[in-house]
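Novice: To be precise about what I am sending: the file is called query_23.pdb and holds PDB, C-alpha atoms (C1' of nucleotides).
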ATOM      1  CA  MET A  23      -2.478  23.049 -14.327  1.00  0.00           C
ATOM      2  CA  GLY A  24      -5.912  24.240 -13.292  1.00  0.00           C
ATOM      3  CA  HIS A  25      -5.444  26.155 -10.104  1.00  0.00           C
ATOM      4  CA  ARG A  26      -8.766  26.243  -8.384  1.00  0.00           C
ATOM      5  CA  ARG A  27      -9.664  22.753  -9.432  1.00  0.00           C
ATOM      6  CA  ALA A  28      -6.351  21.505  -8.145  1.00  0.00           C
ATOM      7  CA  GLY A  29      -7.179  22.366  -4.573  1.00  0.00           C
ATOM      8  CA  ASP A  30     -10.659  20.920  -4.900  1.00  0.00           C
ATOM      9  CA  THR A  31      -9.323  17.664  -6.272  1.00  0.00           C
ATOM     10  CA  LEU A  32      -6.605  17.286  -3.668  1.00  0.00           C
ATOM     11  CA  ARG A  33      -9.046  17.953  -0.844  1.00  0.00           C
ATOM     12  CA  ARG A  34     -11.514  15.548  -2.378  1.00  0.00           C
ATOM     13  CA  PHE A  35      -8.907  12.816  -2.690  1.00  0.00           C
ATOM     14  CA  TYR A  36      -8.055  13.278   0.943  1.00  0.00           C
ATOM     15  CA  GLU A  37     -11.666  13.057   2.053  1.00  0.00           C
ATOM     16  CA  VAL A  38     -12.293   9.896   0.075  1.00  0.00           C
ATOM     17  CA  LEU A  39      -9.126   8.175   1.237  1.00  0.00           C
ATOM     18  CA  ASP A  40      -9.497   9.276   4.827  1.00  0.00           C
ATOM     19  CA  ALA A  41     -13.050   7.950   4.904  1.00  0.00           C
ATOM     20  CA  ALA A  42     -11.962   4.691   3.281  1.00  0.00           C
ATOM     21  CA  PHE A  43      -8.914   3.961   5.412  1.00  0.00           C
ATOM     22  CA  GLY A  44      -9.223   6.005   8.580  1.00  0.00           C
ATOM     23  CA  PRO A  45      -6.364   7.286  10.759  1.00  0.00           C
ATOM     24  CA  GLN A  46      -3.032   5.705   9.818  1.00  0.00           C
ATOM     25  CA  HIS A  47      -0.940   6.737  12.851  1.00  0.00           C
ATOM     26  CA  TRP A  48       2.154   7.648  10.913  1.00  0.00           C
ATOM     27  CA  TRP A  49       5.096   7.671  11.244  1.00  0.00           C
ATOM     28  CA  PRO A  50       5.376   4.224  12.872  1.00  0.00           C
ATOM     29  CA  GLY A  51       7.994   4.887  15.533  1.00  0.00           C
ATOM     30  CA  GLU A  52       7.947   5.857  19.153  1.00  0.00           C
ATOM     31  CA  THR A  53      10.694   8.442  19.288  1.00  0.00           C
ATOM     32  CA  ARG A  54      12.070  11.132  17.055  1.00  0.00           C
ATOM     33  CA  ASP A  55      15.347   9.248  16.903  1.00  0.00           C
ATOM     34  CA  GLU A  56      13.534   6.178  15.649  1.00  0.00           C
ATOM     35  CA  VAL A  57      11.761   8.202  12.973  1.00  0.00           C
ATOM     36  CA  ILE A  58      15.008   9.739  11.779  1.00  0.00           C
ATOM     37  CA  LEU A  59      16.793   6.403  11.576  1.00  0.00           C
ATOM     38  CA  GLY A  60      13.797   4.764   9.928  1.00  0.00           C
ATOM     39  CA  ALA A  61      13.694   7.469   7.256  1.00  0.00           C
ATOM     40  CA  VAL A  62      17.095   6.340   5.998  1.00  0.00           C
ATOM     41  CA  LEU A  63      16.510   2.630   6.547  1.00  0.00           C
ATOM     42  CA  THR A  64      13.339   2.634   4.463  1.00  0.00           C
ATOM     43  CA  GLN A  65      14.976   3.994   1.326  1.00  0.00           C
ATOM     44  CA  ASN A  66      13.834   1.721  -1.505  1.00  0.00           C
ATOM     45  CA  THR A  67      13.008  -0.947   1.051  1.00  0.00           C
ATOM     46  CA  ALA A  68       9.884  -2.763   2.208  1.00  0.00           C
ATOM     47  CA  TRP A  69       8.888  -1.577   5.659  1.00  0.00           C
ATOM     48  CA  ARG A  70       8.800  -5.156   6.914  1.00  0.00           C
ATOM     49  CA  ASN A  71      12.551  -5.329   6.452  1.00  0.00           C
ATOM     50  CA  VAL A  72      13.027  -1.970   8.099  1.00  0.00           C
ATOM     51  CA  GLU A  73      11.176  -3.295  11.137  1.00  0.00           C
ATOM     52  CA  ARG A  74      13.623  -6.151  11.409  1.00  0.00           C
ATOM     53  CA  ALA A  75      16.538  -3.765  11.340  1.00  0.00           C
ATOM     54  CA  ILE A  76      14.862  -1.539  13.923  1.00  0.00           C
ATOM     55  CA  ASP A  77      14.180  -4.527  16.162  1.00  0.00           C
ATOM     56  CA  ARG A  78      17.831  -5.498  15.973  1.00  0.00           C
ATOM     57  CA  LEU A  79      18.902  -1.980  16.845  1.00  0.00           C
ATOM     58  CA  LYS A  80      16.491  -1.986  19.749  1.00  0.00           C
ATOM     59  CA  SER A  81      17.826  -5.306  21.016  1.00  0.00           C
ATOM     60  CA  ALA A  82      21.319  -3.862  20.848  1.00  0.00           C
ATOM     61  CA  LYS A  83      20.057  -0.783  22.692  1.00  0.00           C
ATOM     62  CA  ALA A  84      21.161   1.221  19.694  1.00  0.00           C
ATOM     63  CA  LEU A  85      17.911   2.763  18.547  1.00  0.00           C
ATOM     64  CA  ALA A  86      19.047   6.312  19.280  1.00  0.00           C
ATOM     65  CA  LEU A  87      21.187   8.887  17.575  1.00  0.00           C
ATOM     66  CA  ARG A  88      23.795   8.809  20.326  1.00  0.00           C
ATOM     67  CA  SER A  89      24.108   5.047  19.880  1.00  0.00           C
ATOM     68  CA  ILE A  90      24.645   5.386  16.158  1.00  0.00           C
ATOM     69  CA  ARG A  91      27.320   7.943  16.926  1.00  0.00           C
ATOM     70  CA  ALA A  92      29.111   5.508  19.220  1.00  0.00           C
ATOM     71  CA  LEU A  93      28.845   2.456  17.008  1.00  0.00           C
ATOM     72  CA  ASP A  94      31.548   1.410  14.619  1.00  0.00           C
ATOM     73  CA  GLU A  95      30.239   1.695  11.075  1.00  0.00           C
ATOM     74  CA  ALA A  96      30.866  -1.979  10.296  1.00  0.00           C
ATOM     75  CA  ASP A  97      29.004  -3.043  13.441  1.00  0.00           C
ATOM     76  CA  LEU A  98      26.139  -0.738  12.560  1.00  0.00           C
ATOM     77  CA  ALA A  99      26.024  -2.257   9.077  1.00  0.00           C
ATOM     78  CA  ALA A 100      25.768  -5.737  10.551  1.00  0.00           C
ATOM     79  CA  LEU A 101      22.889  -4.676  12.794  1.00  0.00           C
ATOM     80  CA  ILE A 102      20.843  -3.154  10.016  1.00  0.00           C
ATOM     81  CA  ARG A 103      21.540  -5.870   7.485  1.00  0.00           C
ATOM     82  CA  PRO A 104      17.900  -6.997   7.069  1.00  0.00           C
ATOM     83  CA  ALA A 105      17.051  -3.563   5.689  1.00  0.00           C
ATOM     84  CA  GLY A 106      19.159  -4.183   2.597  1.00  0.00           C
ATOM     85  CA  THR A 107      21.847  -1.932   1.075  1.00  0.00           C
ATOM     86  CA  TYR A 108      23.149  -2.032   4.624  1.00  0.00           C
ATOM     87  CA  ARG A 109      26.699  -0.840   4.013  1.00  0.00           C
ATOM     88  CA  VAL A 110      25.393   2.187   2.171  1.00  0.00           C
ATOM     89  CA  LYS A 111      22.820   2.881   4.853  1.00  0.00           C
ATOM     90  CA  ALA A 112      25.334   2.530   7.673  1.00  0.00           C
ATOM     91  CA  ARG A 113      27.446   5.189   5.998  1.00  0.00           C
ATOM     92  CA  ARG A 114      24.415   7.407   5.484  1.00  0.00           C
ATOM     93  CA  LEU A 115      23.243   7.072   9.066  1.00  0.00           C
ATOM     94  CA  LYS A 116      26.705   7.976  10.291  1.00  0.00           C
ATOM     95  CA  ALA A 117      26.800  11.000   8.021  1.00  0.00           C
ATOM     96  CA  LEU A 118      23.368  12.153   9.129  1.00  0.00           C
ATOM     97  CA  VAL A 119      24.138  11.856  12.817  1.00  0.00           C
ATOM     98  CA  SER A 120      27.441  13.645  12.333  1.00  0.00           C
ATOM     99  CA  TRP A 121      25.672  16.455  10.577  1.00  0.00           C
ATOM    100  CA  ILE A 122      23.058  16.766  13.329  1.00  0.00           C
ATOM    101  CA  ASP A 123      25.840  16.862  15.897  1.00  0.00           C
ATOM    102  CA  ALA A 124      27.700  19.539  14.012  1.00  0.00           C
ATOM    103  CA  ARG A 125      24.528  21.495  13.436  1.00  0.00           C
ATOM    104  CA  CYS A 126      23.055  21.552  16.913  1.00  0.00           C
ATOM    105  CA  ASP A 127      25.041  19.184  19.073  1.00  0.00           C
ATOM    106  CA  GLY A 128      22.352  16.529  18.887  1.00  0.00           C
ATOM    107  CA  ASP A 129      19.636  18.834  20.222  1.00  0.00           C
ATOM    108  CA  LEU A 130      16.599  18.006  18.075  1.00  0.00           C
ATOM    109  CA  ASP A 131      14.477  20.771  19.574  1.00  0.00           C
ATOM    110  CA  ALA A 132      17.070  23.264  18.396  1.00  0.00           C
ATOM    111  CA  LEU A 133      17.401  21.521  15.055  1.00  0.00           C
ATOM    112  CA  PHE A 134      13.724  21.716  14.191  1.00  0.00           C
ATOM    113  CA  ALA A 135      13.322  25.233  15.568  1.00  0.00           C
ATOM    114  CA  LYS A 136      15.500  26.598  12.787  1.00  0.00           C
ATOM    115  CA  ASP A 137      14.178  28.051   9.575  1.00  0.00           C
ATOM    116  CA  ALA A 138      12.518  25.233   7.656  1.00  0.00           C
ATOM    117  CA  ALA A 139      13.973  26.091   4.258  1.00  0.00           C
ATOM    118  CA  ARG A 140      17.461  26.278   5.717  1.00  0.00           C
ATOM    119  CA  LEU A 141      16.981  23.028   7.542  1.00  0.00           C
ATOM    120  CA  ARG A 142      15.831  21.272   4.395  1.00  0.00           C
ATOM    121  CA  ALA A 143      18.760  22.614   2.409  1.00  0.00           C
ATOM    122  CA  GLY A 144      21.093  21.446   5.138  1.00  0.00           C
ATOM    123  CA  LEU A 145      19.609  17.977   5.215  1.00  0.00           C
ATOM    124  CA  LEU A 146      19.845  17.732   1.429  1.00  0.00           C
ATOM    125  CA  GLY A 147      23.525  18.480   1.766  1.00  0.00           C
ATOM    126  CA  VAL A 148      24.074  15.326   3.783  1.00  0.00           C
ATOM    127  CA  PRO A 149      25.240  12.508   1.504  1.00  0.00           C
ATOM    128  CA  GLY A 150      22.469   9.934   1.362  1.00  0.00           C
ATOM    129  CA  VAL A 151      19.679  12.322   2.291  1.00  0.00           C
ATOM    130  CA  GLY A 152      17.480  13.145  -0.670  1.00  0.00           C
ATOM    131  CA  PRO A 153      14.205  15.060  -0.804  1.00  0.00           C
ATOM    132  CA  GLU A 154      11.964  12.310   0.512  1.00  0.00           C
ATOM    133  CA  THR A 155      14.227  11.437   3.408  1.00  0.00           C
ATOM    134  CA  ALA A 156      14.646  15.098   4.327  1.00  0.00           C
ATOM    135  CA  ASP A 157      10.918  15.765   4.193  1.00  0.00           C
ATOM    136  CA  ALA A 158      10.043  12.644   6.154  1.00  0.00           C
ATOM    137  CA  ILE A 159      12.446  13.673   8.903  1.00  0.00           C
ATOM    138  CA  MET A 160      11.119  17.229   8.981  1.00  0.00           C
ATOM    139  CA  LEU A 161       7.458  16.246   8.935  1.00  0.00           C
ATOM    140  CA  TYR A 162       7.362  13.175  11.097  1.00  0.00           C
ATOM    141  CA  ALA A 163      10.197  13.888  13.514  1.00  0.00           C
ATOM    142  CA  GLY A 164       9.962  17.671  13.533  1.00  0.00           C
ATOM    143  CA  SER A 165       6.255  18.334  12.885  1.00  0.00           C
ATOM    144  CA  ILE A 166       7.247  20.767  10.160  1.00  0.00           C
ATOM    145  CA  PRO A 167       4.527  20.925   7.489  1.00  0.00           C
ATOM    146  CA  THR A 168       6.403  19.819   4.407  1.00  0.00           C
ATOM    147  CA  PHE A 169       4.742  17.324   2.091  1.00  0.00           C
ATOM    148  CA  VAL A 170       6.426  13.966   1.606  1.00  0.00           C
ATOM    149  CA  VAL A 171       6.337  12.643  -1.953  1.00  0.00           C
ATOM    150  CA  ASP A 172       7.232   9.034  -2.530  1.00  0.00           C
ATOM    151  CA  ALA A 173       6.948   6.331  -5.176  1.00  0.00           C
ATOM    152  CA  TYR A 174       3.371   5.579  -4.134  1.00  0.00           C
ATOM    153  CA  THR A 175       2.367   9.213  -4.310  1.00  0.00           C
ATOM    154  CA  LEU A 176       3.722   9.570  -7.825  1.00  0.00           C
ATOM    155  CA  ARG A 177       2.177   6.329  -9.018  1.00  0.00           C
ATOM    156  CA  VAL A 178      -1.257   7.112  -7.613  1.00  0.00           C
ATOM    157  CA  LEU A 179      -1.309  10.654  -8.948  1.00  0.00           C
ATOM    158  CA  ARG A 180      -0.023   9.581 -12.359  1.00  0.00           C
ATOM    159  CA  ARG A 181      -2.488   6.772 -12.686  1.00  0.00           C
ATOM    160  CA  HIS A 182      -5.315   9.131 -11.863  1.00  0.00           C
ATOM    161  CA  PHE A 183      -3.993  11.749 -14.265  1.00  0.00           C
ATOM    162  CA  VAL A 184      -3.498  14.370 -11.585  1.00  0.00           C
ATOM    163  CA  ILE A 185       0.105  14.768 -12.720  1.00  0.00           C
ATOM    164  CA  ASP A 186       1.832  13.818 -15.941  1.00  0.00           C
ATOM    165  CA  GLU A 187       4.672  11.358 -16.317  1.00  0.00           C
ATOM    166  CA  ALA A 188       7.266  14.094 -16.341  1.00  0.00           C
ATOM    167  CA  ALA A 189       6.250  15.622 -12.990  1.00  0.00           C
ATOM    168  CA  GLU A 190       9.086  15.447 -10.508  1.00  0.00           C
ATOM    169  CA  TYR A 191       9.401  15.585  -6.764  1.00  0.00           C
ATOM    170  CA  ASP A 192       9.409  19.346  -6.335  1.00  0.00           C
ATOM    171  CA  ASP A 193       6.557  19.859  -8.806  1.00  0.00           C
ATOM    172  CA  VAL A 194       4.318  17.466  -6.927  1.00  0.00           C
ATOM    173  CA  GLN A 195       5.288  18.844  -3.555  1.00  0.00           C
ATOM    174  CA  ALA A 196       4.524  22.367  -4.742  1.00  0.00           C
ATOM    175  CA  LEU A 197       1.073  21.212  -5.772  1.00  0.00           C
ATOM    176  CA  PHE A 198       0.274  20.223  -2.206  1.00  0.00           C
ATOM    177  CA  HIS A 199       2.001  23.213  -0.650  1.00  0.00           C
ATOM    178  CA  CYS A 200       0.100  25.620  -2.864  1.00  0.00           C
ATOM    179  CA  HIS A 201      -3.368  24.217  -2.521  1.00  0.00           C
ATOM    180  CA  LEU A 202      -3.590  22.854   1.014  1.00  0.00           C
ATOM    181  CA  ASP A 203      -3.251  24.381   4.447  1.00  0.00           C
ATOM    182  CA  ARG A 204       0.131  23.668   5.966  1.00  0.00           C
ATOM    183  CA  ASP A 205      -0.969  21.340   8.692  1.00  0.00           C
ATOM    184  CA  PRO A 206       1.583  18.711   9.698  1.00  0.00           C
ATOM    185  CA  GLY A 207      -1.170  16.428  10.952  1.00  0.00           C
ATOM    186  CA  VAL A 208      -3.015  16.511   7.648  1.00  0.00           C
ATOM    187  CA  PHE A 209       0.183  16.237   5.619  1.00  0.00           C
ATOM    188  CA  GLY A 210       1.269  13.245   7.643  1.00  0.00           C
ATOM    189  CA  GLN A 211      -2.043  11.502   7.292  1.00  0.00           C
ATOM    190  CA  TYR A 212      -2.297  12.324   3.595  1.00  0.00           C
ATOM    191  CA  HIS A 213       1.052  10.786   2.820  1.00  0.00           C
ATOM    192  CA  ALA A 214       0.164   7.717   4.856  1.00  0.00           C
ATOM    193  CA  LEU A 215      -3.083   7.405   2.919  1.00  0.00           C
ATOM    194  CA  PHE A 216      -1.191   7.425  -0.382  1.00  0.00           C
ATOM    195  CA  VAL A 217       0.968   4.579   0.864  1.00  0.00           C
ATOM    196  CA  GLU A 218      -2.037   2.581   2.020  1.00  0.00           C
ATOM    197  CA  LEU A 219      -3.825   3.120  -1.264  1.00  0.00           C
ATOM    198  CA  GLY A 220      -0.701   2.259  -3.208  1.00  0.00           C
ATOM    199  CA  LYS A 221      -0.117  -0.980  -1.348  1.00  0.00           C
ATOM    200  CA  ARG A 222      -3.680  -2.144  -1.657  1.00  0.00           C
ATOM    201  CA  PHE A 223      -5.025  -0.802  -4.930  1.00  0.00           C
ATOM    202  CA  CYS A 224      -2.318   0.825  -6.991  1.00  0.00           C
ATOM    203  CA  LYS A 225       0.382  -1.729  -7.597  1.00  0.00           C
ATOM    204  CA  PRO A 226       2.952  -1.215 -10.366  1.00  0.00           C
ATOM    205  CA  ARG A 227       1.099  -3.339 -12.890  1.00  0.00           C
ATOM    206  CA  ALA A 228      -2.300  -4.226 -11.548  1.00  0.00           C
ATOM    207  CA  ASN A 229      -5.219  -2.045 -12.463  1.00  0.00           C
ATOM    208  CA  CYS A 230      -7.477  -0.423  -9.900  1.00  0.00           C
ATOM    209  CA  ASP A 231     -10.820  -2.200 -10.079  1.00  0.00           C
ATOM    210  CA  VAL A 232     -11.989  -1.478  -6.578  1.00  0.00           C
ATOM    211  CA  CYS A 233      -9.808   1.533  -5.878  1.00  0.00           C
ATOM    212  CA  PRO A 234     -11.597   4.109  -3.678  1.00  0.00           C
ATOM    213  CA  LEU A 235     -10.509   6.801  -6.126  1.00  0.00           C
ATOM    214  CA  ARG A 236     -11.891   4.947  -9.145  1.00  0.00           C
ATOM    215  CA  ASP A 237     -14.725   7.386  -9.710  1.00  0.00           C
ATOM    216  CA  TRP A 238     -12.229  10.243  -9.788  1.00  0.00           C
ATOM    217  CA  ALA A 239      -9.800   8.603 -12.118  1.00  0.00           C
ATOM    218  CA  HIS A 240     -10.481  10.772 -15.146  1.00  0.00           C
ATOM    219  CA  ASP A 241     -11.625  13.947 -13.530  1.00  0.00           C
ATOM    220  CA  ALA A 242      -8.468  15.527 -12.305  1.00  0.00           C
ATOM    221  CA  LEU A 243      -6.207  18.446 -13.022  1.00  0.00           C
ATOM    222  CA  LEU A 244      -4.624  18.317 -16.396  1.00  0.00           C
TER
ATOM    223  C1'  DT B  28      11.887 -17.183 -10.873  1.00  0.00           C
ATOM    224  C1'  DG B  29      11.700 -12.466 -11.397  1.00  0.00           C
ATOM    225  C1'  DC B  30       9.859  -8.349  -9.717  1.00  0.00           C
ATOM    226  C1'  DC B  31       9.126  -5.308  -6.071  1.00  0.00           C
ATOM    227  C1'  DA B  32       9.890  -2.426  -1.839  1.00  0.00           C
ATOM    228  C1'  DG B  33       7.911   4.310   1.821  1.00  0.00           C
ATOM    229  C1'  DG B  34      15.708   6.338  -2.600  1.00  0.00           C
ATOM    230  C1'  DC B  35      19.856   8.135  -3.626  1.00  0.00           C
ATOM    231  C1'  DC B  36      24.308   8.527  -5.807  1.00  0.00           C
ATOM    232  C1'  DG B  37      27.786   8.539  -9.476  1.00  0.00           C
ATOM    233  C1'  DG B  38      29.125   7.981 -14.120  1.00  0.00           C
ATOM    234  C1'  DG B  39      28.264   8.391 -18.913  1.00  0.00           C
ATOM    235  C1'  DT B  40      26.228  10.662 -22.896  1.00  0.00           C
TER
ATOM    236  C1'  DA C  27      19.437  17.743 -18.825  1.00  0.00           C
ATOM    237  C1'  DC C  28      18.516  12.839 -19.125  1.00  0.00           C
ATOM    238  C1'  DC C  29      19.491   7.890 -18.495  1.00  0.00           C
ATOM    239  C1'  DC C  30      21.304   4.045 -16.089  1.00  0.00           C
ATOM    240  C1'  DG C  31      23.481   0.641 -13.016  1.00  0.00           C
ATOM    241  C1'  DG C  32      24.705  -0.243  -8.197  1.00  0.00           C
ATOM    242  C1'  DC C  33      23.379  -0.985  -3.632  1.00  0.00           C
ATOM    243  C1'  DA C  34      21.087  -5.864  -1.152  1.00  0.00           C
ATOM    244  C1'  DT C  35      17.649  -7.911   1.862  1.00  0.00           C
ATOM    245  C1'  DG C  36      13.239 -10.600   2.164  1.00  0.00           C
ATOM    246  C1'  DG C  37       8.279 -11.602   0.353  1.00  0.00           C
ATOM    247  C1'  DC C  38       5.215 -13.129  -2.985  1.00  0.00           C
TER
END
The structure in this file should be written as structure tokens.

Specialist:
Amino acid sequence: MGHRRAGDTLRRFYEVLDAAFGPQHWWPGETRDEVILGAVLTQNTAWRNVERAIDRLKSAKALALRSIRALDEADLAALIRPAGTYRVKARRLKALVSWIDARCDGDLDALFAKDAARLRAGLLGVPGVGPETADAIMLYAGSIPTFVVDAYTLRVLRRHFVIDEAAEYDDVQALFHCHLDRDPGVFGQYHALFVELGKRFCKPRANCDVCPLRDWAHDALL
DNA sequence: TGCCAGGCCGGGT
DNA sequence: ACCCGGCATGGC
């Protein structure tokens, strides 16, 4: 991959998208607990359905890690049902909360103060926490500057020939880590911009007639 | 009606 | 290392 051009292109993409869409205020969630729970609930799921599950947790006064800890797994599953794959997610939420408890006794300040690479490795060791979930938790709940790659990110970058079809999560993440300043605010906004672009102009099949990045479609890295 | 959504895991080859 | 089905709801 071209190295100098890579940074230029990624910065340019950001400028164009930021100008087109403005501040996105991600992650949508008022507390760190809510962000952490939402990161699992949104796995392969439309955010609309995640909101329903979050609303139900809120109504049950269970939108907190300590509530998840106290809830029976079957009851938790029933509460988060609108999010889909709810039995799987109930198990994953339980596992994640247990791990956080074991790690730092539920103290999120202590959790996120640890070495970032160690923290990420630890999160990846929790069954049901993959790279995107781990990075979303670290970035949006912990303000740790790790870049979140998701289906939208890959689709947008592939369609604009910034990455090839074979590029995987860590490859793409490394691209951003190498060429951009590690600013959690910028990383958070950038990821949000990819999602916004993906939803509006980069659907799985549709082409990108009025996509803000249209003029850059064939002028990228590879 | 089928495809999709802010993934991840386990089994098979 | 790669490929694939399962998980499951709700919207278009």

Novice: Mind checking which residues fall within 10 Å of stretch 77-82 of chain A, counting all atoms listed in the file, ignoring those fewer than 4 positions away in the same chain, and posting them as a PyMOL selection string?

Specialist: chain A and resi 56+71-73+86+89-90+98+100-104

Novice: Find the nearest atom pair between each residue of chain C and chain A for residues within 9 Å, count all atoms listed in the file, give distances in Å to one decimal, sort rows by chain and ascending number, and present the table as JSON lines.

Specialist:
{"residue": "C:DC33", "atom": "C1'", "partner": "A:Thr107", "partner_atom": "CA", "distance": 5.0}
{"residue": "C:DA34", "atom": "C1'", "partner": "A:Gly106", "partner_atom": "CA", "distance": 4.5}
{"residue": "C:DT35", "atom": "C1'", "partner": "A:Gly106", "partner_atom": "CA", "distance": 4.1}
{"residue": "C:DG36", "atom": "C1'", "partner": "A:Asn71", "partner_atom": "CA", "distance": 6.8}

Novice: Within 12 Å of chain B, which residues of chain A show up? Give each one with its shortest atom-to-atom distance in Å (one decimal) and the two atoms involved, counting all atoms listed in the file, rows by chain then rising residue number, as CSV.

Specialist:
residue,atom,partner,partner_atom,distance
A:Trp48,CA,B:DG33,C1',11.3
A:Trp49,CA,B:DG33,C1',10.4
A:Pro50,CA,B:DG33,C1',11.3
A:Gly60,CA,B:DG33,C1',10.0
A:Ala61,CA,B:DG33,C1',8.5
A:Val62,CA,B:DG34,C1',8.7
A:Leu63,CA,B:DG34,C1',9.9
A:Thr64,CA,B:DG33,C1',6.3
A:Gln65,CA,B:DG34,C1',4.6
A:Asn66,CA,B:DG34,C1',5.1
A:Thr67,CA,B:DA32,C1',4.5
A:Ala68,CA,B:DA32,C1',4.1
A:Trp69,CA,B:DG33,C1',7.1
A:Arg70,CA,B:DA32,C1',9.2
A:Asn71,CA,B:DA32,C1',9.2
A:Val72,CA,B:DG33,C1',10.2
A:Ala105,CA,B:DA32,C1',10.5
A:Gly106,CA,B:DA32,C1',10.4
A:Thr107,CA,B:DG34,C1',10.9
A:Val110,CA,B:DC35,C1',10.0
A:Lys111,CA,B:DC35,C1',10.4
A:Arg114,CA,B:DC35,C1',10.2
A:Leu146,CA,B:DC35,C1',10.8
A:Val148,CA,B:DC35,C1',11.2
A:Pro149,CA,B:DC36,C1',8.4
A:Gly150,CA,B:DC35,C1',5.9
A:Val151,CA,B:DC35,C1',7.3
A:Gly152,CA,B:DC35,C1',6.3
A:Pro153,CA,B:DG34,C1',9.0
A:Glu154,CA,B:DG34,C1',7.7
A:Thr155,CA,B:DG34,C1',8.0
A:Ala156,CA,B:DG34,C1',11.2
A:Ala158,CA,B:DG33,C1',9.6
A:Val170,CA,B:DG33,C1',9.8
A:Val171,CA,B:DG33,C1',9.3
A:Asp172,CA,B:DG33,C1',6.5
A:Ala173,CA,B:DG33,C1',7.3
A:Tyr174,CA,B:DG33,C1',7.6
A:Thr175,CA,B:DG33,C1',9.6
A:Leu176,CA,B:DG33,C1',11.8
A:Tyr191,CA,B:DG34,C1',11.9
A:His213,CA,B:DG33,C1',9.5
A:Ala214,CA,B:DG33,C1',9.0
A:Leu215,CA,B:DG33,C1',11.5
A:Phe216,CA,B:DG33,C1',9.9
A:Val217,CA,B:DG33,C1',7.0
A:Glu218,CA,B:DG33,C1',10.1
A:Gly220,CA,B:DG33,C1',10.2
A:Lys221,CA,B:DA32,C1',10.1
A:Lys225,CA,B:DC31,C1',9.6
A:Pro226,CA,B:DC31,C1',8.6
A:Arg227,CA,B:DC30,C1',10.6

Novice: Expanded to explicit residues, what is the PyMOL selection byres ((chain A and resi 205) around 9) for this file, as an mmCIF file with C-alpha atoms, in the coordinates of the input?

Specialist:
data_model
loop_
_atom_site.group_PDB
_atom_site.id
_atom_site.type_symbol
_atom_site.label_atom_id
_atom_site.label_comp_id
_atom_site.auth_asym_id
_atom_site.auth_seq_id
_atom_site.Cartn_x
_atom_site.Cartn_y
_atom_site.Cartn_z
ATOM 1 C CA SER A 165 6.255 18.334 12.885
ATOM 2 C CA ILE A 166 7.247 20.767 10.160
ATOM 3 C CA PRO A 167 4.527 20.925 7.489
ATOM 4 C CA THR A 168 6.403 19.819 4.407
ATOM 5 C CA LEU A 202 -3.590 22.854 1.014
ATOM 6 C CA ASP A 203 -3.251 24.381 4.447
ATOM 7 C CA ARG A 204 0.131 23.668 5.966
ATOM 8 C CA PRO A 206 1.583 18.711 9.698
ATOM 9 C CA GLY A 207 -1.170 16.428 10.952
ATOM 10 C CA VAL A 208 -3.015 16.511 7.648
ATOM 11 C CA PHE A 209 0.183 16.237 5.619
ATOM 12 C CA GLY A 210 1.269 13.245 7.643
#

Novice: One decimal, in Å: what's the spacing between atom CA of A:Ala99 and atom CA of A:Ala112?

Specialist: 5.0 Å

Novice: Go ahead and compute the interatomic distance for atom CA of A:Leu87 and atom CA of A:Leu59, in Å to one decimal.

Specialist: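 Answer for the atom CA of A:Leu87 to atom CA of A:Leu59 separation: 7.8 Å.
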
Novice: With a distance cut-off of 9 Å and all atoms listed in the file, select the neighbouring residues of A:Leu130, excluding the residue or stretch itself and same-chain residues fewer than 2 positions from it, and output the selection as a list in words.

Specialist: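 Selected residues are Arg54, Asp55, Ile122, Cys126, Asp127, Gly128, Ala132, Leu133, Phe134, Ala135, Ala163 and Gly164 of chain A.
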
Novice: How many Å lie between atom CA of A:Glu37 and atom CA of A:Phe183, rounded to one decimal?

Specialist: 18.1 Å

Novice: When you count all atoms listed in the file, which of these residues is closest to C:DC28: A:Tyr162, A:Ala228, A:Ala188, A:Ala75?

Specialist: A:Ala188

Novice: Determine the residue membership of the PyMOL selection byres ((chain A and resi 36) around 10) for the file above and supply it as a ChimeraX atom specification.

Specialist: /A:30-35,37-42,208-209,211-213,215-216,235
